[in-house]
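Asks: What follows is data36.txt; its format and atoms are compact mmCIF, C-alpha atoms.
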# COMPACT_ATOMS: atom_id res chain seq x y z
CA ARG A 17 64.63 47.57 126.28
CA LYS A 18 66.45 44.41 125.27
CA GLU A 19 64.12 41.65 124.20
CA VAL A 20 66.67 38.92 124.77
CA GLU A 21 69.62 39.17 127.14
CA GLN A 22 72.59 36.88 127.44
CA ASP A 23 75.85 36.96 129.34
CA PRO A 24 78.35 37.66 126.54
CA GLY A 25 81.13 35.76 128.26
CA PRO A 26 83.67 34.79 127.13
CA PHE A 27 83.58 31.37 128.70
CA ASN A 28 86.92 29.57 128.52
CA VAL A 29 86.62 25.98 129.69
CA PRO A 30 88.85 22.89 129.49
CA GLU A 31 87.87 19.93 127.36
CA GLY A 32 85.49 17.66 129.20
CA ALA A 33 84.03 20.42 131.35
CA THR A 34 80.35 21.16 131.79
CA VAL A 35 79.26 24.68 130.95
CA ALA A 36 75.90 26.41 131.27
CA PHE A 37 74.55 29.46 129.46
CA ASN A 38 71.58 31.53 130.50
CA CYS A 39 69.21 33.80 128.67
CA THR A 40 66.26 35.95 129.71
CA TYR A 41 63.53 37.40 127.53
CA SER A 42 61.24 40.33 128.14
CA ASN A 43 57.99 39.42 126.37
CA SER A 44 55.98 37.00 128.46
CA ALA A 45 53.82 36.17 125.44
CA SER A 46 56.77 34.86 123.43
CA GLN A 47 55.93 31.66 121.60
CA SER A 48 59.05 29.76 120.66
CA PHE A 49 62.59 29.49 121.92
CA PHE A 50 65.81 28.27 120.38
CA TRP A 51 69.52 27.96 120.79
CA TYR A 52 71.65 28.58 117.72
CA ARG A 53 75.39 28.42 117.37
CA GLN A 54 77.40 30.77 115.22
CA ASP A 55 80.98 30.19 114.21
CA CYS A 56 83.16 33.19 113.41
CA ARG A 57 81.91 34.99 110.28
CA LYS A 58 79.46 32.20 109.51
CA GLU A 59 75.69 31.95 109.52
CA PRO A 60 73.72 30.92 112.62
CA LYS A 61 72.87 27.23 112.73
CA LEU A 62 70.07 25.76 114.80
CA LEU A 63 71.35 23.80 117.77
CA MET A 64 68.02 22.96 119.33
CA SER A 65 64.54 24.20 120.00
CA VAL A 66 63.60 24.66 123.65
CA TYR A 67 60.39 23.23 125.06
CA SER A 68 58.66 23.80 128.38
CA SER A 69 59.33 20.21 129.38
CA GLY A 70 63.02 20.60 128.68
CA ASN A 71 64.83 18.67 126.03
CA GLU A 72 68.10 16.89 125.53
CA ASP A 73 70.14 16.12 122.45
CA GLY A 74 73.25 14.14 123.25
CA ARG A 75 75.53 16.33 125.35
CA PHE A 76 73.20 19.32 125.10
CA THR A 77 70.28 20.03 127.41
CA ALA A 78 67.94 22.99 127.10
CA GLN A 79 65.47 24.21 129.69
CA LEU A 80 62.70 26.79 129.58
CA ASN A 81 61.15 28.48 132.58
CA ARG A 82 58.18 30.52 131.36
CA ALA A 83 57.37 31.90 134.79
CA SER A 84 60.85 33.40 135.12
CA GLN A 85 61.20 34.06 131.37
CA TYR A 86 64.49 32.23 131.45
CA ILE A 87 66.16 29.80 129.06
CA SER A 88 69.26 27.75 129.68
CA LEU A 89 71.65 25.57 127.73
CA LEU A 90 73.90 23.01 129.35
CA ILE A 91 76.80 21.44 127.48
CA ARG A 92 78.37 18.37 129.04
CA ASP A 93 81.76 16.89 128.22
CA SER A 94 82.83 19.91 126.17
CA LYS A 95 84.68 19.24 122.93
CA LEU A 96 87.08 21.55 121.10
CA SER A 97 84.50 21.68 118.29
CA ASP A 98 81.97 23.23 120.68
CA SER A 99 83.94 26.50 120.53
CA ALA A 100 81.53 29.03 119.02
CA THR A 101 79.11 31.77 119.96
CA TYR A 102 75.79 30.50 121.29
CA LEU A 103 72.75 32.56 120.42
CA CYS A 104 69.50 32.58 122.35
CA VAL A 105 66.56 33.24 120.00
CA VAL A 106 62.95 34.00 120.85
CA ARG A 107 59.94 34.28 118.56
CA ASP A 108 57.23 36.66 119.66
CA THR A 109 53.49 36.29 119.07
CA GLY A 110 53.91 37.23 115.43
CA ASN A 111 56.62 35.97 113.19
CA GLN A 112 59.45 38.17 114.40
CA PHE A 113 62.54 36.58 115.88
CA TYR A 114 64.78 38.24 118.44
CA PHE A 115 68.39 37.22 118.89
CA GLY A 116 70.52 37.70 121.95
CA THR A 117 74.00 39.12 121.56
CA GLY A 118 75.42 35.64 122.01
CA THR A 119 77.70 33.96 124.53
CA SER A 120 81.21 33.15 123.40
CA LEU A 121 82.61 29.74 124.32
CA THR A 122 86.19 28.60 123.87
CA VAL A 123 87.04 25.03 124.80
CA ILE A 124 90.71 24.70 125.65
CA PRO A 125 92.73 21.50 125.09
CA GLU B 6 71.16 18.18 102.06
CA PRO B 7 69.18 21.15 100.73
CA GLU B 8 70.52 24.54 101.69
CA VAL B 9 69.80 28.23 101.37
CA THR B 10 72.14 30.00 98.98
CA GLN B 11 72.95 33.69 98.72
CA THR B 12 74.68 35.81 96.13
CA PRO B 13 76.95 37.64 96.03
CA SER B 14 79.08 36.62 98.98
CA HIS B 15 80.51 40.14 99.17
CA GLN B 16 79.10 43.35 97.70
CA VAL B 17 80.92 46.66 97.76
CA THR B 18 78.97 49.76 96.82
CA GLN B 19 79.14 53.53 97.02
CA MET B 20 76.89 55.42 99.41
CA GLY B 21 73.64 56.34 97.73
CA GLN B 22 73.68 53.42 95.31
CA GLU B 23 71.01 50.75 95.12
CA VAL B 24 71.89 47.16 95.90
CA ILE B 25 69.99 43.94 95.46
CA LEU B 26 70.91 40.95 97.56
CA ARG B 27 69.75 37.60 96.29
CA CYS B 28 68.72 34.44 98.04
CA VAL B 29 67.47 31.06 96.91
CA PRO B 30 65.53 29.49 99.79
CA ILE B 31 65.09 25.75 100.20
CA SER B 32 62.66 24.67 97.53
CA ASN B 33 59.68 23.43 99.58
CA HIS B 34 59.90 26.19 102.17
CA LEU B 35 57.11 28.73 102.46
CA TYR B 36 58.46 31.34 104.89
CA PHE B 37 61.37 33.58 104.08
CA TYR B 38 63.34 36.01 106.19
CA TRP B 39 66.06 38.61 106.01
CA TYR B 40 68.35 39.45 108.91
CA ARG B 41 71.36 41.66 109.26
CA GLN B 42 74.36 41.50 111.55
CA ILE B 43 76.59 44.52 111.91
CA LEU B 44 80.15 43.44 112.70
CA GLY B 45 80.49 42.57 116.36
CA GLN B 46 76.78 43.00 117.06
CA LYS B 47 73.77 40.75 117.34
CA VAL B 48 71.69 39.32 114.53
CA GLU B 49 68.72 41.63 113.88
CA PHE B 50 65.45 40.66 112.27
CA LEU B 51 64.49 42.73 109.24
CA VAL B 52 61.47 41.12 107.61
CA SER B 53 59.49 37.92 107.16
CA PHE B 54 57.65 37.03 103.97
CA TYR B 55 54.89 34.55 103.30
CA ASN B 56 52.44 33.99 100.48
CA ASN B 57 54.00 36.78 98.44
CA GLU B 58 53.64 39.43 101.05
CA ILE B 59 55.42 40.79 104.09
CA SER B 60 54.10 39.20 107.29
CA GLU B 61 56.30 41.04 109.79
CA LYS B 62 58.90 43.76 109.62
CA SER B 63 61.09 45.45 112.18
CA GLU B 64 61.76 49.12 112.78
CA ILE B 65 64.98 48.77 110.80
CA PHE B 66 63.02 47.82 107.67
CA ASP B 67 62.10 51.34 106.58
CA ASP B 68 61.14 52.70 103.17
CA GLN B 69 64.69 52.22 101.92
CA PHE B 70 64.20 48.47 102.05
CA SER B 71 62.00 46.23 99.95
CA VAL B 72 61.69 42.51 99.36
CA GLU B 73 60.44 40.57 96.42
CA ARG B 74 59.98 37.05 95.23
CA PRO B 75 60.26 37.69 91.49
CA ASP B 76 59.95 34.05 90.48
CA GLY B 77 59.47 30.67 92.06
CA SER B 78 62.98 30.42 93.44
CA ASN B 79 64.57 33.77 94.23
CA PHE B 80 63.95 36.01 97.21
CA THR B 81 65.57 39.43 97.05
CA LEU B 82 66.32 42.30 99.40
CA LYS B 83 66.71 45.72 97.82
CA ILE B 84 68.24 48.71 99.55
CA ARG B 85 67.34 51.78 97.51
CA SER B 86 69.95 54.31 98.59
CA THR B 87 72.62 52.76 100.72
CA LYS B 88 74.08 54.49 103.75
CA LEU B 89 77.36 53.85 105.51
CA GLU B 90 75.48 52.28 108.40
CA ASP B 91 73.96 49.67 106.08
CA SER B 92 77.34 47.94 106.04
CA ALA B 93 76.69 44.54 107.59
CA MET B 94 76.31 40.86 106.91
CA TYR B 95 72.86 40.12 105.52
CA PHE B 96 71.46 36.65 106.11
CA CYS B 97 68.54 35.11 104.33
CA ALA B 98 66.65 32.28 106.02
CA SER B 99 63.74 30.04 105.18
CA SER B 100 61.47 27.68 107.04
CA GLU B 101 59.14 24.98 105.91
CA ASP B 102 56.12 26.29 107.71
CA HIS B 103 55.13 28.44 110.65
CA SER B 104 54.57 25.59 113.05
CA THR B 105 58.03 24.05 112.80
CA ASP B 106 59.81 27.38 113.28
CA THR B 107 63.11 25.83 112.28
CA GLN B 108 64.90 28.36 110.14
CA TYR B 109 67.76 27.51 107.86
CA PHE B 110 70.17 30.32 107.20
CA GLY B 111 72.15 31.07 104.09
CA PRO B 112 75.87 31.85 104.28
CA GLY B 113 75.23 35.59 104.11
CA THR B 114 76.20 38.51 101.91
CA ARG B 115 78.71 40.93 103.33
CA LEU B 116 77.69 44.43 102.24
CA THR B 117 80.29 47.17 102.44
CA VAL B 118 79.13 50.73 101.78
CA LEU B 119 81.91 53.20 101.05
Take the structure in the file and write it out as structure tokens.
Replies:
Amino acid sequence: RKEVEQDPGPFNVPEGATVAFNCTYSNSASQSFFWYRQDCRKEPKLLMSVYSSGNEDGRFTAQLNRASQYISLLIRDSKLSDSATYLCVVRDTGNQFYFGTGTSLTVIP
Amino acid sequence: EPEVTQTPSHQVTQMGQEVILRCVPISNHLYFYWYRQILGQKVEFLVSFYNNEISEKSEIFDDQFSVERPDGSNFTLKIRSTKLEDSAMYFCASSEDHSTDTQYFGPGTRLTVL
């Protein structure tokens, strides 16, 4: 059983495009939700937390649907620097964090 | 900007040897974590640590693993008798408190077991 599932991609999009990533989680009691980005051979870095009301940070919008156990990330006006692997992360009722396998994004000039 | 640091950046060891991976979390953080990432695979939670004791651990964190906060700054992961399959990138992370959840990751230690 996979706690967190993501489409691995890869997603190859032109600069300026809008791209959306999806993630599902298995534990309905999960408490907290995040999107991280990971560059090749680097550590994960927090992109944004995800709240039930949805949240936006510049070109990035995250949504959470607890009923469907579904999390999304939308990137508008893609930049070359957005090329990375995007990790969906879920914290369960304790203090254990589950990472998805990540979705690879390449933004093409 | 404060950051989590880890040493060494790369550790090569022989199978069966003990290794200690070191981390210095951000100074005012109270929660500490170890993760591993086998090449090409997902990041996997190993253990969380708070108030000088383990608060959560995964199935991966068996008796071969231990963690310690030997002083006020270091947080270590010990693998007693390394196996080939322990080869991975090991990330340390810390967070200020439980409610914020925001974890800051160190740059990782690449462990290679020969």
Asks: Hey, what's within 8 Å of Thr87 of chain B if we count all atoms listed in the file and toss same-chain stuff fewer than 4 positions away? As a PDB file with C-alpha atoms, keeping the file's coordinate frame, please?
Replies:
ATOM      1  CA  GLN B  19      79.140  53.530  97.020  1.00  0.00           C
ATOM      2  CA  MET B  20      76.890  55.420  99.410  1.00  0.00           C
ATOM      3  CA  GLY B  21      73.640  56.340  97.730  1.00  0.00           C
ATOM      4  CA  GLN B  22      73.680  53.420  95.310  1.00  0.00           C
ATOM      5  CA  GLU B  23      71.010  50.750  95.120  1.00  0.00           C
ATOM      6  CA  VAL B  24      71.890  47.160  95.900  1.00  0.00           C
ATOM      7  CA  ASP B  91      73.960  49.670 106.080  1.00  0.00           C
ATOM      8  CA  VAL B 118      79.130  50.730 101.780  1.00  0.00           C
TER       9      VAL B 118
END
Asks: Counting only C-alpha atoms, which residue out of A:Asn28, A:Ser48, A:Thr122, A:Asn38 sits closest to Gly110 of chain A?
Replies: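 Ranked by minimum distance to Gly110 of chain A, first place goes to A:Ser48.
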Asks: Check the smallest atom-to-atom distance from each of B:Glu61, B:Glu73, B:Glu6, B:Glu90 to chain A using only C-alpha atoms, then report the winner.
Replies: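 Of the candidates, the smallest distance to chain A is held by B:Glu61.
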Asks: Rank nothing, just name the residue among A:Gln112, A:Ser42, A:Ser94, A:Thr101 nearest to Gly45 of chain B, using all atoms listed in the file.
Replies: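 Result for the nearest residue to Gly45 of chain B: A:Thr101.
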Asks: Counting only C-alpha atoms, which residues from chain B have an atom at most 8 Å from any atom of chain A, and could you show them as a PyMOL selection string?
Replies: chain B and resi 46-50+52-53+60-63+96+106-113
Asks: Would you be able to write out as a PyMOL selection string which residues have an atom within 8 Å of (55.1, 34.1, 124.1) in the file's coordinates, counting all atoms listed in the file?
Replies: chain A and resi 43-48+107-109
Asks: Any chance you could export the current selection's C-alpha atoms as a PDB file, in the frame of the given file?
Replies:
ATOM      1  CA  ASN A  43      57.990  39.420 126.370  1.00  0.00           C
ATOM      2  CA  SER A  44      55.980  37.000 128.460  1.00  0.00           C
ATOM      3  CA  ALA A  45      53.820  36.170 125.440  1.00  0.00           C
ATOM      4  CA  SER A  46      56.770  34.860 123.430  1.00  0.00           C
ATOM      5  CA  GLN A  47      55.930  31.660 121.600  1.00  0.00           C
ATOM      6  CA  SER A  48      59.050  29.760 120.660  1.00  0.00           C
ATOM      7  CA  ARG A 107      59.940  34.280 118.560  1.00  0.00           C
ATOM      8  CA  ASP A 108      57.230  36.660 119.660  1.00  0.00           C
ATOM      9  CA  THR A 109      53.490  36.290 119.070  1.00  0.00           C
TER      10      THR A 109
END
Asks: Can you pull out every residue within 12 Å of Asn33 of chain B, counting only C-alpha atoms, but drop anything in the same chain fewer than 4 positions away, and send it as a ChimeraX atom specification?
Replies: /B:7-9,29,37,77-78,99-102
Asks: List as a ChimeraX atom specification the protein and nucleic acid residues near segment 25-28 of chain B, meaning an atom at most 12 Å away when all atoms listed in the file are counted, but skip any in the same chain fewer than 5 places from it.
Replies: /B:8-18,37-41,69-87,94-99,110-116
Asks: Nearest residue to Ala83 of chain A out of A:Thr34, A:Ser68, A:Ser99, A:Ser120, using all atoms listed in the file?
Replies: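 Smallest separation from Ala83 of chain A among the options: A:Ser68.
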Asks: At what distance in Å, to one decimal, does atom CA of Asp98 of chain A lie from atom CA of Ala33 of chain A?
Replies: 11.2 Å
Asks: Just how far from atom CA of Glu64 of chain B is atom CA of Leu51 of chain B, in Å to one decimal?
Replies: 7.8 Å
Asks: Using all atoms listed in the file, can you tell me which of A:Lys95, A:Ala78, A:Leu121, A:Ala100 comes closest to Gly32 of chain A?
Replies: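 Comparing A:Lys95, A:Ala78, A:Leu121, A:Ala100 against Gly32 of chain A, the winner is A:Lys95.
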Asks: In terms of the shortest atom-to-atom distance over all atoms listed in the file, which of A:Asp55, A:Asp73, A:Asp23, A:Glu31 is closest to Cys104 of chain A?
Replies: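 Of all the options, A:Asp23 lies closest to Cys104 of chain A.
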Asks: As an exercise, work out the distance from atom CA of Ser84 of chain A to atom CA of Phe37 of chain A in Å and give it to one decimal place.
Replies: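 The value is 15.3 Å.
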Asks: Near Cys39 of chain A, counting all atoms listed in the file, which residues have an atom at most 6 Å away, once you skip same-chain residues fewer than 6 positions from it, shown as a PyMOL selection string?
Replies: chain A and resi 21-22+86-87
Asks: Since the input lacks atoms, please generate all heavy atoms for segment 26-37 of chain B and provide them as a PDB file, keeping the file's coordinate frame.
Replies:
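Ended up saving to selection-v5.pdb:
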ATOM      1  N   LEU B  26      70.318  42.173  97.028  1.00  0.00           N
ATOM      2  CA  LEU B  26      70.910  40.950  97.560  1.00  0.00           C
ATOM      3  C   LEU B  26      69.971  39.801  97.230  1.00  0.00           C
ATOM      4  O   LEU B  26      68.756  39.916  97.406  1.00  0.00           O
ATOM      5  CB  LEU B  26      71.106  41.065  99.079  1.00  0.00           C
ATOM      6  CG  LEU B  26      71.819  42.328  99.558  1.00  0.00           C
ATOM      7  CD1 LEU B  26      72.015  42.284 101.069  1.00  0.00           C
ATOM      8  CD2 LEU B  26      73.134  42.536  98.851  1.00  0.00           C
ATOM      9  N   ARG B  27      70.564  38.705  96.785  1.00  0.00           N
ATOM     10  CA  ARG B  27      69.750  37.600  96.290  1.00  0.00           C
ATOM     11  C   ARG B  27      69.872  36.361  97.152  1.00  0.00           C
ATOM     12  O   ARG B  27      70.941  36.065  97.694  1.00  0.00           O
ATOM     13  CB  ARG B  27      70.124  37.275  94.850  1.00  0.00           C
ATOM     14  CG  ARG B  27      69.725  38.374  93.890  1.00  0.00           C
ATOM     15  CD  ARG B  27      70.016  38.050  92.437  1.00  0.00           C
ATOM     16  NE  ARG B  27      69.305  38.959  91.553  1.00  0.00           N
ATOM     17  CZ  ARG B  27      69.699  40.196  91.267  1.00  0.00           C
ATOM     18  NH1 ARG B  27      70.795  40.675  91.809  1.00  0.00           N
ATOM     19  NH2 ARG B  27      68.989  40.956  90.460  1.00  0.00           N
ATOM     20  N   CYS B  28      68.791  35.643  97.219  1.00  0.00           N
ATOM     21  CA  CYS B  28      68.720  34.440  98.040  1.00  0.00           C
ATOM     22  C   CYS B  28      67.889  33.409  97.284  1.00  0.00           C
ATOM     23  O   CYS B  28      66.900  33.756  96.621  1.00  0.00           O
ATOM     24  CB  CYS B  28      68.046  34.797  99.373  1.00  0.00           C
ATOM     25  SG  CYS B  28      67.561  33.408 100.418  1.00  0.00           S
ATOM     26  N   VAL B  29      68.301  32.158  97.393  1.00  0.00           N
ATOM     27  CA  VAL B  29      67.470  31.060  96.910  1.00  0.00           C
ATOM     28  C   VAL B  29      67.145  30.200  98.116  1.00  0.00           C
ATOM     29  O   VAL B  29      68.012  29.488  98.632  1.00  0.00           O
ATOM     30  CB  VAL B  29      68.165  30.224  95.825  1.00  0.00           C
ATOM     31  CG1 VAL B  29      67.262  29.070  95.391  1.00  0.00           C
ATOM     32  CG2 VAL B  29      68.521  31.094  94.631  1.00  0.00           C
ATOM     33  N   PRO B  30      65.915  30.294  98.618  1.00  0.00           N
ATOM     34  CA  PRO B  30      65.530  29.490  99.790  1.00  0.00           C
ATOM     35  C   PRO B  30      65.444  28.008  99.421  1.00  0.00           C
ATOM     36  O   PRO B  30      65.495  27.633  98.250  1.00  0.00           O
ATOM     37  CB  PRO B  30      64.146  30.036 100.140  1.00  0.00           C
ATOM     38  CG  PRO B  30      64.028  31.346  99.421  1.00  0.00           C
ATOM     39  CD  PRO B  30      64.856  31.205  98.198  1.00  0.00           C
ATOM     40  N   ILE B  31      65.300  27.172 100.428  1.00  0.00           N
ATOM     41  CA  ILE B  31      65.090  25.750 100.200  1.00  0.00           C
ATOM     42  C   ILE B  31      63.755  25.564  99.496  1.00  0.00           C
ATOM     43  O   ILE B  31      62.761  26.214  99.842  1.00  0.00           O
ATOM     44  CB  ILE B  31      65.164  24.986 101.534  1.00  0.00           C
ATOM     45  CG1 ILE B  31      66.593  25.101 102.083  1.00  0.00           C
ATOM     46  CG2 ILE B  31      64.748  23.530 101.378  1.00  0.00           C
ATOM     47  CD1 ILE B  31      66.791  24.557 103.480  1.00  0.00           C
ATOM     48  N   SER B  32      63.723  24.659  98.528  1.00  0.00           N
ATOM     49  CA  SER B  32      62.660  24.670  97.530  1.00  0.00           C
ATOM     50  C   SER B  32      61.250  24.459  98.085  1.00  0.00           C
ATOM     51  O   SER B  32      60.312  25.048  97.579  1.00  0.00           O
ATOM     52  CB  SER B  32      62.945  23.632  96.444  1.00  0.00           C
ATOM     53  OG  SER B  32      62.987  22.347  97.006  1.00  0.00           O
ATOM     54  N   ASN B  33      61.041  23.672  99.096  1.00  0.00           N
ATOM     55  CA  ASN B  33      59.680  23.430  99.580  1.00  0.00           C
ATOM     56  C   ASN B  33      59.318  24.326 100.769  1.00  0.00           C
ATOM     57  O   ASN B  33      58.286  24.139 101.403  1.00  0.00           O
ATOM     58  CB  ASN B  33      59.497  21.959  99.951  1.00  0.00           C
ATOM     59  CG  ASN B  33      60.398  21.550 101.101  1.00  0.00           C
ATOM     60  OD1 ASN B  33      61.479  22.121 101.281  1.00  0.00           O
ATOM     61  ND2 ASN B  33      59.983  20.577 101.880  1.00  0.00           N
ATOM     62  N   HIS B  34      60.166  25.295 101.059  1.00  0.00           N
ATOM     63  CA  HIS B  34      59.900  26.190 102.170  1.00  0.00           C
ATOM     64  C   HIS B  34      58.946  27.303 101.756  1.00  0.00           C
ATOM     65  O   HIS B  34      58.927  27.740 100.604  1.00  0.00           O
ATOM     66  CB  HIS B  34      61.199  26.770 102.724  1.00  0.00           C
ATOM     67  CG  HIS B  34      61.983  25.784 103.520  1.00  0.00           C
ATOM     68  ND1 HIS B  34      63.093  26.128 104.232  1.00  0.00           N
ATOM     69  CD2 HIS B  34      61.809  24.452 103.722  1.00  0.00           C
ATOM     70  CE1 HIS B  34      63.577  25.060 104.853  1.00  0.00           C
ATOM     71  NE2 HIS B  34      62.813  24.033 104.545  1.00  0.00           N
ATOM     72  N   LEU B  35      58.154  27.751 102.741  1.00  0.00           N
ATOM     73  CA  LEU B  35      57.110  28.730 102.460  1.00  0.00           C
ATOM     74  C   LEU B  35      57.355  30.082 103.130  1.00  0.00           C
ATOM     75  O   LEU B  35      56.736  31.070 102.748  1.00  0.00           O
ATOM     76  CB  LEU B  35      55.756  28.189 102.925  1.00  0.00           C
ATOM     77  CG  LEU B  35      55.320  26.864 102.284  1.00  0.00           C
ATOM     78  CD1 LEU B  35      54.000  26.414 102.894  1.00  0.00           C
ATOM     79  CD2 LEU B  35      55.185  27.009 100.771  1.00  0.00           C
ATOM     80  N   TYR B  36      58.205  30.110 104.156  1.00  0.00           N
ATOM     81  CA  TYR B  36      58.460  31.340 104.890  1.00  0.00           C
ATOM     82  C   TYR B  36      59.897  31.777 104.642  1.00  0.00           C
ATOM     83  O   TYR B  36      60.816  30.962 104.696  1.00  0.00           O
ATOM     84  CB  TYR B  36      58.249  31.119 106.405  1.00  0.00           C
ATOM     85  CG  TYR B  36      56.806  30.904 106.777  1.00  0.00           C
ATOM     86  CD1 TYR B  36      56.219  29.660 106.630  1.00  0.00           C
ATOM     87  CD2 TYR B  36      56.027  31.948 107.263  1.00  0.00           C
ATOM     88  CE1 TYR B  36      54.888  29.455 106.956  1.00  0.00           C
ATOM     89  CE2 TYR B  36      54.702  31.751 107.599  1.00  0.00           C
ATOM     90  CZ  TYR B  36      54.142  30.505 107.438  1.00  0.00           C
ATOM     91  OH  TYR B  36      52.823  30.305 107.762  1.00  0.00           O
ATOM     92  N   PHE B  37      60.056  33.053 104.416  1.00  0.00           N
ATOM     93  CA  PHE B  37      61.370  33.580 104.080  1.00  0.00           C
ATOM     94  C   PHE B  37      61.661  34.799 104.946  1.00  0.00           C
ATOM     95  O   PHE B  37      60.750  35.540 105.318  1.00  0.00           O
ATOM     96  CB  PHE B  37      61.423  33.962 102.593  1.00  0.00           C
ATOM     97  CG  PHE B  37      60.833  32.911 101.693  1.00  0.00           C
ATOM     98  CD1 PHE B  37      59.696  33.173 100.959  1.00  0.00           C
ATOM     99  CD2 PHE B  37      61.405  31.654 101.614  1.00  0.00           C
ATOM    100  CE1 PHE B  37      59.131  32.196 100.143  1.00  0.00           C
ATOM    101  CE2 PHE B  37      60.848  30.664 100.800  1.00  0.00           C
ATOM    102  CZ  PHE B  37      59.706  30.948 100.072  1.00  0.00           C
TER     103      PHE B  37
END
